file model37.cif (mmCIF, C-alpha atoms and all ligand atoms)
data_start
loop_
_atom_site.label_atom_id
_atom_site.label_comp_id
_atom_site.auth_asym_id
_atom_site.auth_seq_id
_atom_site.Cartn_x
_atom_site.Cartn_y
_atom_site.Cartn_z
CA MET A 1323 11.53 28.30 140.76
CA LYS A 1324 13.86 28.66 143.74
CA LYS A 1325 14.28 31.90 145.55
CA ILE A 1326 17.52 33.13 147.11
CA ALA A 1327 17.72 36.20 149.33
CA VAL A 1328 21.04 38.02 149.23
CA LEU A 1329 21.74 40.19 152.26
CA PRO A 1330 25.15 41.81 151.76
CA GLY A 1331 25.14 43.70 155.06
CA ASP A 1332 28.03 45.92 156.10
CA GLY A 1333 31.72 46.50 155.43
CA ILE A 1334 33.33 43.87 153.24
CA GLY A 1335 29.99 42.00 153.21
CA LYS A 1336 28.99 43.91 150.09
CA GLU A 1337 32.22 43.15 148.25
CA VAL A 1338 32.37 39.45 149.05
CA THR A 1339 28.70 38.74 148.31
CA GLU A 1340 29.05 40.42 144.94
CA GLU A 1341 31.73 37.92 143.93
CA ALA A 1342 29.81 35.01 145.46
CA VAL A 1343 26.66 35.91 143.52
CA LYS A 1344 28.65 35.90 140.26
CA VAL A 1345 29.83 32.39 141.10
CA LEU A 1346 26.32 31.29 142.02
CA LYS A 1347 24.88 32.60 138.75
CA LYS A 1348 27.60 30.89 136.75
CA VAL A 1349 27.17 27.44 138.29
CA VAL A 1350 23.38 27.38 138.07
CA GLU A 1351 23.37 28.80 134.53
CA ASN A 1352 22.72 25.46 132.88
CA SER A 1353 20.70 23.78 135.59
CA GLN A 1354 17.07 22.67 135.17
CA GLU A 1355 16.02 24.75 138.12
CA GLU A 1356 15.42 28.47 137.79
CA PHE A 1357 16.77 30.74 140.48
CA GLU A 1358 15.43 34.11 141.44
CA ILE A 1359 17.84 36.28 143.40
CA GLU A 1360 16.64 39.26 145.42
CA GLN A 1361 18.71 41.63 147.56
CA ALA A 1362 17.80 43.44 150.75
CA PRO A 1363 19.62 45.52 153.36
CA VAL A 1364 20.56 44.12 156.76
CA GLY A 1365 22.68 45.18 159.75
CA GLY A 1366 24.07 48.69 160.15
CA THR A 1367 23.27 49.51 156.53
CA ALA A 1368 19.62 48.68 157.18
CA TYR A 1369 19.70 50.65 160.43
CA ASP A 1370 20.89 53.74 158.57
CA LEU A 1371 18.14 53.34 156.00
CA THR A 1372 15.22 52.36 158.22
CA GLY A 1373 16.17 52.69 161.90
CA THR A 1374 16.28 48.93 162.45
CA PRO A 1375 18.99 46.37 161.58
CA LEU A 1376 16.40 43.81 160.49
CA PRO A 1377 13.59 45.57 158.62
CA GLU A 1378 10.27 43.76 158.23
CA ALA A 1379 10.74 43.59 154.45
CA THR A 1380 14.15 41.94 154.80
CA LEU A 1381 12.84 39.41 157.31
CA ASN A 1382 9.87 38.61 155.06
CA LEU A 1383 12.13 38.16 152.06
CA ALA A 1384 14.32 35.77 154.10
CA LYS A 1385 11.24 33.86 155.25
CA GLU A 1386 9.81 33.38 151.78
CA SER A 1387 13.16 32.39 150.26
CA ASP A 1388 14.55 28.86 150.03
CA ALA A 1389 17.98 30.07 151.07
CA VAL A 1390 19.67 33.21 152.30
CA LEU A 1391 23.19 34.36 151.48
CA LEU A 1392 24.48 36.81 154.05
CA GLY A 1393 27.69 38.86 153.88
CA ALA A 1394 28.57 40.29 157.26
CA VAL A 1395 27.14 42.82 159.70
CA GLY A 1396 28.57 45.35 162.11
CA GLY A 1397 31.12 48.12 162.25
CA LEU A 1398 32.57 50.80 164.49
CA LYS A 1399 29.96 53.25 163.35
CA TRP A 1400 27.18 51.31 165.07
CA GLU A 1401 28.99 50.07 168.16
CA SER A 1402 27.60 52.66 170.53
CA LEU A 1403 23.98 51.98 169.57
CA ASP A 1404 21.59 50.40 172.04
CA TYR A 1405 21.75 46.58 172.05
CA SER A 1406 18.27 46.34 170.59
CA VAL A 1407 19.31 47.96 167.31
CA ARG A 1408 22.92 46.82 166.98
CA PRO A 1409 23.71 45.19 163.62
CA GLU A 1410 24.39 41.85 165.37
CA ARG A 1411 20.74 41.78 166.45
CA ALA A 1412 19.82 41.21 162.82
CA LEU A 1413 21.83 38.01 162.75
CA LEU A 1414 20.30 36.74 165.96
CA GLY A 1415 16.84 37.78 164.75
CA LEU A 1416 17.21 35.95 161.44
CA ARG A 1417 18.47 32.82 163.19
CA LYS A 1418 15.61 32.85 165.66
CA GLU A 1419 12.81 33.85 163.28
CA LEU A 1420 13.83 31.23 160.72
CA ASN A 1421 14.49 28.69 163.50
CA LEU A 1422 17.94 27.91 162.08
CA TYR A 1423 18.95 25.70 164.96
CA CYS A 1424 21.75 23.78 163.27
CA ASN A 1425 24.91 25.72 162.52
CA LEU A 1426 27.55 23.87 160.51
CA ARG A 1427 31.04 25.35 160.63
CA PRO A 1428 33.63 23.34 158.76
CA ALA A 1429 37.30 23.89 159.54
CA LYS A 1430 39.24 22.16 156.83
CA VAL A 1431 42.87 22.84 156.10
CA PHE A 1432 43.61 23.38 152.42
CA PRO A 1433 46.97 21.68 151.72
CA ALA A 1434 48.16 24.75 149.81
CA LEU A 1435 47.59 26.91 152.90
CA ALA A 1436 48.93 24.64 155.62
CA SER A 1437 51.86 27.00 156.18
CA ALA A 1438 49.55 30.01 156.64
CA SER A 1439 48.31 28.86 160.06
CA SER A 1440 49.83 30.30 163.21
CA LEU A 1441 50.25 26.70 164.37
CA LYS A 1442 52.92 24.30 163.14
CA GLU A 1443 52.20 22.73 159.79
CA GLU A 1444 52.62 19.16 161.07
CA ILE A 1445 50.01 19.80 163.76
CA ILE A 1446 47.32 21.18 161.50
CA SER A 1447 47.84 19.58 158.09
CA GLY A 1448 45.09 17.07 157.41
CA THR A 1449 42.69 18.70 159.88
CA ASP A 1450 39.06 18.35 158.80
CA ILE A 1451 36.56 19.26 161.51
CA MET A 1452 32.86 20.03 161.38
CA VAL A 1453 31.60 22.07 164.32
CA VAL A 1454 27.85 21.55 164.78
CA ARG A 1455 26.73 24.46 166.90
CA GLU A 1456 23.25 24.77 168.40
CA LEU A 1457 22.16 28.20 167.20
CA VAL A 1458 18.79 29.31 168.54
CA GLY A 1459 18.92 28.37 172.21
CA GLY A 1460 21.21 28.36 175.20
CA ILE A 1461 22.51 31.44 176.94
CA TYR A 1462 22.11 33.58 173.81
CA PHE A 1463 18.34 33.50 174.08
CA GLY A 1464 17.53 32.24 177.59
CA GLU A 1465 15.22 34.22 179.88
CA PRO A 1466 15.42 35.97 182.23
CA LYS A 1467 18.14 38.29 181.03
CA GLY A 1468 18.98 41.91 181.54
CA VAL A 1469 20.73 44.50 183.65
CA ASP A 1470 18.81 45.66 186.73
CA THR A 1471 19.60 48.44 189.15
CA LEU A 1472 19.34 47.32 192.75
CA PRO A 1473 17.94 49.42 195.63
CA ASP A 1474 21.47 50.23 196.83
CA GLY A 1475 22.35 51.66 193.43
CA THR A 1476 24.61 48.79 192.33
CA GLN A 1477 23.68 46.87 189.22
CA LYS A 1478 23.09 43.22 188.40
CA GLY A 1479 23.59 41.75 184.95
CA TYR A 1480 22.34 38.25 184.12
CA ASN A 1481 21.68 35.77 181.32
CA THR A 1482 20.21 32.30 181.51
CA LEU A 1483 21.62 29.10 180.11
CA VAL A 1484 18.67 26.91 179.24
CA TYR A 1485 18.11 23.87 177.02
CA THR A 1486 15.09 21.60 176.79
CA THR A 1487 15.20 17.91 175.84
CA PRO A 1488 13.74 18.46 172.33
CA GLU A 1489 16.25 21.23 171.62
CA ILE A 1490 19.14 18.95 172.52
CA GLU A 1491 17.68 15.96 170.70
CA ARG A 1492 17.31 17.72 167.36
CA ILE A 1493 20.87 19.08 167.33
CA ALA A 1494 22.19 15.68 168.43
CA HIS A 1495 20.41 14.09 165.45
CA SER A 1496 21.97 16.71 163.16
CA ALA A 1497 25.44 15.95 164.51
CA PHE A 1498 25.14 12.18 164.22
CA GLN A 1499 23.71 12.43 160.71
CA THR A 1500 26.52 14.78 159.73
CA ALA A 1501 29.06 12.31 161.13
CA ARG A 1502 27.51 9.50 159.13
CA LEU A 1503 28.60 11.23 155.93
CA ARG A 1504 32.08 11.81 157.31
CA ASP A 1505 34.38 9.83 159.59
CA LYS A 1506 31.55 8.69 161.93
CA ARG A 1507 32.99 10.21 165.11
CA VAL A 1508 31.23 12.76 167.31
CA VAL A 1509 32.66 14.60 170.30
CA SER A 1510 29.97 16.31 172.37
CA VAL A 1511 31.35 19.31 174.23
CA ASP A 1512 29.82 20.48 177.50
CA LYS A 1513 30.67 21.65 181.00
CA ALA A 1514 28.77 18.88 182.75
CA ASN A 1515 31.08 19.02 185.77
CA VAL A 1516 29.76 22.48 186.67
CA LEU A 1517 26.61 23.38 184.74
CA GLU A 1518 23.44 21.35 185.34
CA CYS A 1519 22.04 22.44 182.00
CA THR A 1520 24.93 20.81 180.19
CA GLU A 1521 24.69 17.72 182.34
CA LEU A 1522 21.25 17.35 180.79
CA TRP A 1523 22.87 18.05 177.41
CA ARG A 1524 25.27 15.15 177.91
CA ASN A 1525 22.57 12.74 179.06
CA VAL A 1526 20.28 13.53 176.14
CA VAL A 1527 23.12 13.17 173.61
CA ILE A 1528 23.95 9.78 175.12
CA LYS A 1529 20.31 8.70 174.87
CA VAL A 1530 19.91 9.78 171.23
CA HIS A 1531 23.14 8.00 170.39
CA LYS A 1532 22.11 4.79 172.10
CA GLU A 1533 18.71 4.70 170.44
CA HIS A 1534 19.67 5.57 166.86
CA TYR A 1535 23.36 5.75 166.07
CA SER A 1536 25.27 2.66 167.13
CA ASP A 1537 27.37 3.04 163.96
CA ILE A 1538 28.79 6.36 165.23
CA GLU A 1539 31.52 6.66 167.84
CA LEU A 1540 30.52 9.14 170.58
CA SER A 1541 32.75 10.71 173.21
CA HIS A 1542 32.45 13.70 175.53
CA MET A 1543 34.75 16.54 176.43
CA TYR A 1544 34.56 19.47 178.79
CA VAL A 1545 34.79 22.73 176.90
CA ASP A 1546 38.04 23.88 178.48
CA ASN A 1547 39.73 20.64 177.54
CA ALA A 1548 38.20 20.81 174.05
CA ALA A 1549 39.71 24.26 173.52
CA MET A 1550 43.10 22.90 174.54
CA GLN A 1551 42.79 19.73 172.44
CA LEU A 1552 41.82 21.75 169.36
CA VAL A 1553 45.18 23.50 169.29
CA ARG A 1554 47.15 20.54 170.71
CA SER A 1555 46.05 17.89 168.24
CA PRO A 1556 43.16 18.93 166.00
CA LYS A 1557 43.27 15.79 163.85
CA GLN A 1558 41.61 13.81 166.66
CA PHE A 1559 38.30 15.55 165.85
CA ASP A 1560 35.73 14.74 163.20
CA VAL A 1561 32.39 16.23 164.30
CA ILE A 1562 32.07 18.44 167.39
CA VAL A 1563 28.55 19.10 168.67
CA THR A 1564 28.01 21.77 171.27
CA THR A 1565 25.90 24.57 172.71
CA ASN A 1566 25.41 27.99 171.20
CA MET A 1567 28.05 29.82 173.22
CA PHE A 1568 30.65 27.04 173.37
CA GLY A 1569 30.20 26.64 169.61
CA ASP A 1570 30.76 30.34 169.08
CA ILE A 1571 34.10 30.15 170.87
CA LEU A 1572 35.32 26.77 169.63
CA SER A 1573 34.50 27.57 166.01
CA ASP A 1574 36.71 30.66 166.17
CA ILE A 1575 39.56 28.55 167.53
CA ALA A 1576 38.97 25.93 164.86
CA SER A 1577 39.03 28.61 162.19
CA MET A 1578 42.59 29.60 163.04
CA LEU A 1579 43.77 26.06 162.43
CA THR A 1580 43.06 26.63 158.77
CA GLY A 1581 45.25 29.65 158.35
CA SER A 1582 42.64 32.25 157.68
CA ILE A 1583 39.17 33.00 158.88
CA GLY A 1584 38.73 34.44 155.39
CA MET A 1585 38.44 30.89 154.06
CA LEU A 1586 35.61 29.52 156.17
CA PRO A 1587 31.97 29.18 155.13
CA SER A 1588 29.04 28.29 157.34
CA ALA A 1589 25.48 27.06 157.06
CA SER A 1590 22.64 27.64 159.50
CA LEU A 1591 19.91 25.15 158.84
CA CYS A 1592 16.41 24.06 159.65
CA GLY A 1593 15.84 21.15 157.30
CA THR A 1594 16.78 22.29 153.80
CA LYS A 1595 16.05 25.91 154.55
CA GLY A 1596 19.28 27.67 155.30
CA MET A 1597 21.22 30.84 155.77
CA TYR A 1598 24.77 30.77 154.46
CA GLU A 1599 27.49 33.16 155.49
CA PRO A 1600 31.24 33.48 155.85
CA VAL A 1601 32.51 32.97 159.40
CA HIS A 1602 34.45 36.24 159.25
CA GLY A 1603 33.01 39.61 160.14
CA SER A 1604 32.56 42.88 158.28
CA ALA A 1605 36.25 43.93 158.64
CA PRO A 1606 35.63 47.69 158.52
CA ASP A 1607 39.40 48.34 158.43
CA ILE A 1608 39.70 46.97 154.90
CA ALA A 1609 36.16 47.63 153.64
CA GLY A 1610 35.79 49.30 150.26
CA GLN A 1611 39.43 48.69 149.33
CA ASN A 1612 39.07 45.55 147.22
CA LYS A 1613 41.24 43.65 149.72
CA ALA A 1614 38.79 41.20 151.30
CA ASN A 1615 39.03 37.50 150.60
CA PRO A 1616 35.78 36.38 148.88
CA ILE A 1617 36.54 32.65 149.27
CA ALA A 1618 34.58 32.10 152.51
CA THR A 1619 31.44 33.54 150.91
CA ILE A 1620 32.01 31.66 147.67
CA LEU A 1621 32.36 28.43 149.67
CA SER A 1622 29.16 29.40 151.50
CA VAL A 1623 27.43 29.32 148.12
CA ALA A 1624 28.79 25.79 147.68
CA MET A 1625 27.25 24.83 151.02
CA MET A 1626 23.95 26.39 149.91
CA LEU A 1627 23.89 24.32 146.73
CA LYS A 1628 24.63 21.20 148.73
CA TYR A 1629 22.32 21.60 151.71
CA SER A 1630 19.39 23.63 150.35
CA PHE A 1631 19.27 22.50 146.74
CA ALA A 1632 20.90 19.04 146.75
CA MET A 1633 23.20 20.19 143.95
CA GLU A 1634 26.29 18.25 145.04
CA LYS A 1635 27.97 18.39 141.63
CA GLU A 1636 27.77 22.17 141.40
CA ALA A 1637 28.96 22.50 145.01
CA GLU A 1638 31.96 20.34 144.25
CA ALA A 1639 32.74 22.36 141.15
CA ILE A 1640 33.02 25.47 143.29
CA GLU A 1641 35.23 23.71 145.84
CA LYS A 1642 37.46 22.44 143.03
CA ALA A 1643 37.73 25.94 141.53
CA VAL A 1644 38.77 27.33 144.92
CA GLU A 1645 41.36 24.60 145.33
CA GLY A 1646 42.52 25.41 141.82
CA VAL A 1647 43.31 29.05 142.56
CA LEU A 1648 45.08 28.10 145.78
CA ASN A 1649 47.15 25.42 144.10
CA ASP A 1650 48.10 27.93 141.42
CA GLY A 1651 49.52 30.10 144.18
CA LEU A 1652 46.94 32.86 143.91
CA ARG A 1653 46.32 34.66 147.21
CA THR A 1654 44.41 37.52 148.70
CA ILE A 1655 46.38 39.51 151.23
CA ASP A 1656 45.09 37.62 154.31
CA ILE A 1657 46.47 34.30 153.08
CA ALA A 1658 49.66 35.51 151.41
CA SER A 1659 52.69 33.94 153.04
CA GLY A 1660 55.21 36.75 152.75
CA SER A 1661 55.38 40.44 151.98
CA SER A 1662 57.03 39.58 148.67
CA GLN A 1663 54.09 37.67 147.29
CA GLU A 1664 51.90 39.50 144.84
CA THR A 1665 48.29 39.47 146.00
CA LEU A 1666 44.93 39.66 144.29
CA GLY A 1667 42.05 41.91 145.17
CA THR A 1668 38.52 40.73 145.96
CA VAL A 1669 37.28 41.15 142.39
CA GLU A 1670 40.37 39.57 140.82
CA MET A 1671 40.12 36.54 143.11
CA GLY A 1672 36.45 36.23 142.18
CA GLU A 1673 37.38 36.34 138.50
CA GLU A 1674 40.05 33.66 138.88
CA ILE A 1675 37.54 31.36 140.54
CA LEU A 1676 34.94 32.06 137.84
CA LYS A 1677 37.49 31.21 135.17
CA ARG A 1678 38.00 27.76 136.71
CA LEU A 1679 34.33 26.83 136.79
C1 LIG A 1701 29.17 34.33 165.13
C2 LIG A 1701 29.25 35.72 165.70
C3 LIG A 1701 27.88 36.06 166.28
C4 LIG A 1701 27.59 35.08 167.40
C5 LIG A 1701 27.71 37.51 166.76
C6 LIG A 1701 28.12 38.50 165.72
C7 LIG A 1701 26.31 37.76 167.23
O1 LIG A 1701 30.26 35.80 166.64
O2 LIG A 1701 28.33 34.11 164.24
O3 LIG A 1701 29.95 33.49 165.54
O4 LIG A 1701 28.03 35.29 168.53
O5 LIG A 1701 26.92 34.10 167.14
MG MG A 1702 31.49 34.06 166.72
#

call {"tool": "encode", "arguments": {"input": "model37.cif", "output": "C-alpha cells"}}
result
Amino acid sequence: MKKIAVLPGDGIGKEVTEEAVKVLKKVVENSQEEFEIEQAPVGGTAYDLTGTPLPEATLNLAKESDAVLLGAVGGLKWESLDYSVRPERALLGLRKELNLYCNLRPAKVFPALASASSLKEEIISGTDIMVVRELVGGIYFGEPKGVDTLPDGTQKGYNTLVYTTPEIERIAHSAFQTARLRDKRVVSVDKANVLECTELWRNVVIKVHKEHYSDIELSHMYVDNAAMQLVRSPKQFDVIVTTNMFGDILSDIASMLTGSIGMLPSASLCGTKGMYEPVHGSAPDIAGQNKANPIATILSVAMMLKYSFAMEKEAEAIEKAVEGVLNDGLRTIDIASGSSQETLGTVEMGEEILKRL
C-alpha cells in the first residue's frame, strides 16, 4: 500500500488538484499497487482553520506518506500576516521538515505551444531544460537572519548565504545523475566572482564531477550571465544546477520560455520521497472561476509516478494525454493564442485529458 497526501492549499490550488487527483486515480486503477489518498489543509486555508499554515496533522500526514501532491499556497487575504504564519511558510516548512533538498523544474517547450511564448518561436522551439535547484539550504534558511533595531533607531535587515560541502555534494550528485538520463550536460550556476560561498559551490561541483562523472560535460556560468543566456539561446542548456535562490529566479525565467507557467510541474525530492507541485502560484484573481490550467498539476502527478513510484509507463501515458489535448488544439485561457479561440475551463480540460488516458 502506497500513501499519497494531497494538500490542495489556496486559490486555484483546490481546482487544479481536483483534476490531477482524477487523473492519478485513473492511471493507477489497474496497477498492482494500491494507493491510499488522504487530503489535508495547508497554507492560508489551514491558517484560517487552525491559526497556522502548516498544522501538525498536515505535517505528520506528509511525513508518513510516500509522496505529497500540493496545489498552491498564498493569496492577498494573508499578505499582511506576520512572516511566521504566512502561507509560504508552509511550503518552506514542508521542504525543510521532509528534507526535500533536490528540486527538479523541467522547462520543456511543447511544439503545439511554441508560439505562445513571449520569445520568438525560433529561439525557444526545441528547448528542453531541467533546472536542479538546491531547496533546503542557502540564503533561504541560513542563520543569522532577521531585522534588528539599532541604538540610533535605524534598522538592519540581514540573511545569510551558507552552504556546507555535504549539501553541495548531494545536489551535485542529483544533477549529474539527472543529466545521465538526458543529454549529459550540466551547467553549474554560481556567483563565484563575488560570493565566497558560491566559490566553494563551484569547487565542490568540480570535485564531484572529477571523481564520479567523467561521462558528463560540466561547465560553469555566473548567474547574471545565465539569466541572459536563458533568454538569448535557451537550447544551449540541458541540466542547470544551482543554489536555492538562484534556482528560484532562473526557474521562473525558464518557465516563460515554454509559453505558460501554467504548464510546468515540479518535484522536490529526497530519494524517492517527494513533494510534487505546479510551478505556478495560487492565482487568486482567477480562483473559483473554473479558468485555471490544470496541466502543470497533472504533469506533477506524472513526475510523482516516475520519481516516487517508478511507474514510468503510467507517467508517459499522462504526458502523452497532455500532448494529445494540445495537438488537438484544446486550450485553457492562459495558453490560448488569440481572443477568437474558444477555451476550456479547468474541469473540461481535466476531462479531455482523462478521455485520452
Ligand atoms: C517557488 C516559490 C517559493 C520559493 C515561495 C512561494 C516561498 O517562489 O517555489 O519558487 O521562493 O521557493
Ligand atoms: Mg519561485

call {"tool": "residues_near_ligand", "arguments": {"input": "model37.cif", "ligand": "ligand LIG 1701 (chain A)", "cutoff": "8 Å", "atoms": "all atoms listed in the file", "output": "list in words"}}
result
Val1395, Gly1396, Glu1410, Arg1411, Leu1413, Leu1414, Leu1457, Asn1566, Met1567, Gly1569, Asp1570, Ile1571, Ser1573, Asp1574, Val1601 and Gly1603 of chain A

call {"tool": "residues_near_point", "arguments": {"input": "model37.cif", "point": "(33.4, 37.2, 148.2)", "cutoff": "9 Å", "atoms": "only C-alpha atoms", "output": "PyMOL selection string"}}
result
chain A and resi 1334-1343+1393+1600+1614-1621+1668-1669+1671-1672

call {"tool": "atom_distance", "arguments": {"input": "model37.cif", "atom1": "CA of Ser1630 in chain A", "atom2": "CA of Glu1419 in chain A"}}
result
17.7 Å

call {"tool": "closest_residue", "arguments": {"input": "model37.cif", "among": "A:Arg1678, A:His1602, A:Lys1532, A:Lys1467", "to": "ligand MG 1702 (chain A)", "atoms": "all atoms listed in the file"}}
result
A:His1602

call {"tool": "closest_atom_pairs", "arguments": {"input": "model37.cif", "of": "range 1356-1458 of chain A", "to": "range 1478-1491 of chain A", "cutoff": "10 Å", "atoms": "only C-alpha atoms", "output": "Markdown table"}}
result
| residue | atom | partner | partner_atom | distance |
| --- | --- | --- | --- | --- |
| A:Tyr1423 | CA | A:Glu1489 | CA | 8.5 |
| A:Glu1456 | CA | A:Ile1490 | CA | 8.2 |
| A:Val1458 | CA | A:Glu1489 | CA | 9.0 |

call {"tool": "decode", "arguments": {"input": "model37.cif", "residues": "range 1352-1372 of chain A", "atoms": "N, CA and C atoms", "output": "tab-separated table (two decimals), in the first residue's frame"}}
result
chain	number	residue	atom	x	y	z
A	1352	ASN	N	-5.58	0.16	-12.60
A	1352	ASN	CA	-5.30	-1.25	-12.88
A	1352	ASN	C	-3.91	-1.70	-12.43
A	1353	SER	N	-3.27	-0.88	-11.62
A	1353	SER	CA	-1.91	-1.28	-11.23
A	1353	SER	C	-1.94	-2.25	-10.04
A	1354	GLN	N	-0.85	-2.98	-9.88
A	1354	GLN	CA	-0.73	-3.98	-8.80
A	1354	GLN	C	-0.82	-3.29	-7.44
A	1355	GLU	N	-0.18	-2.12	-7.41
A	1355	GLU	CA	-0.05	-1.40	-6.15
A	1355	GLU	C	-1.37	-0.72	-5.76
A	1356	GLU	N	-1.65	-0.73	-4.47
A	1356	GLU	CA	-2.83	0.00	-4.01
A	1356	GLU	C	-2.41	1.36	-3.50
A	1357	PHE	N	-3.21	2.37	-3.79
A	1357	PHE	CA	-2.88	3.72	-3.36
A	1357	PHE	C	-3.96	4.25	-2.43
A	1358	GLU	N	-3.48	4.81	-1.33
A	1358	GLU	CA	-4.41	5.45	-0.41
A	1358	GLU	C	-4.17	6.95	-0.50
A	1359	ILE	N	-5.23	7.70	-0.74
A	1359	ILE	CA	-5.08	9.15	-0.90
A	1359	ILE	C	-5.78	9.87	0.25
A	1360	GLU	N	-5.03	10.74	0.93
A	1360	GLU	CA	-5.64	11.48	2.04
A	1360	GLU	C	-5.38	12.98	1.88
A	1361	GLN	N	-6.41	13.79	2.13
A	1361	GLN	CA	-6.28	15.24	1.96
A	1361	GLN	C	-6.08	15.96	3.29
A	1362	ALA	N	-5.39	17.08	3.24
A	1362	ALA	CA	-5.26	17.92	4.44
A	1362	ALA	C	-5.07	19.37	4.01
A	1363	PRO	N	-5.45	20.30	4.89
A	1363	PRO	CA	-5.32	21.72	4.56
A	1363	PRO	C	-3.90	22.22	4.75
A	1364	VAL	N	-3.53	23.20	3.92
A	1364	VAL	CA	-2.20	23.80	4.03
A	1364	VAL	C	-2.32	25.26	3.57
A	1365	GLY	N	-1.37	26.09	3.99
A	1365	GLY	CA	-1.34	27.48	3.53
A	1365	GLY	C	-2.36	28.36	4.24
A	1366	GLY	N	-2.88	29.34	3.52
A	1366	GLY	CA	-3.83	30.28	4.10
A	1366	GLY	C	-5.09	29.58	4.58
A	1367	THR	N	-5.52	28.60	3.81
A	1367	THR	CA	-6.71	27.82	4.19
A	1367	THR	C	-6.51	27.16	5.56
A	1368	ALA	N	-5.32	26.62	5.77
A	1368	ALA	CA	-5.01	25.99	7.05
A	1368	ALA	C	-4.90	27.05	8.15
A	1369	TYR	N	-4.35	28.19	7.79
A	1369	TYR	CA	-4.25	29.28	8.78
A	1369	TYR	C	-5.65	29.69	9.26
A	1370	ASP	N	-6.57	29.84	8.33
A	1370	ASP	CA	-7.94	30.22	8.71
A	1370	ASP	C	-8.59	29.18	9.61
A	1371	LEU	N	-8.27	27.92	9.38
A	1371	LEU	CA	-8.88	26.85	10.16
A	1371	LEU	C	-8.22	26.66	11.52
A	1372	THR	N	-6.88	26.83	11.55
A	1372	THR	CA	-6.15	26.39	12.75
A	1372	THR	C	-5.21	27.44	13.32
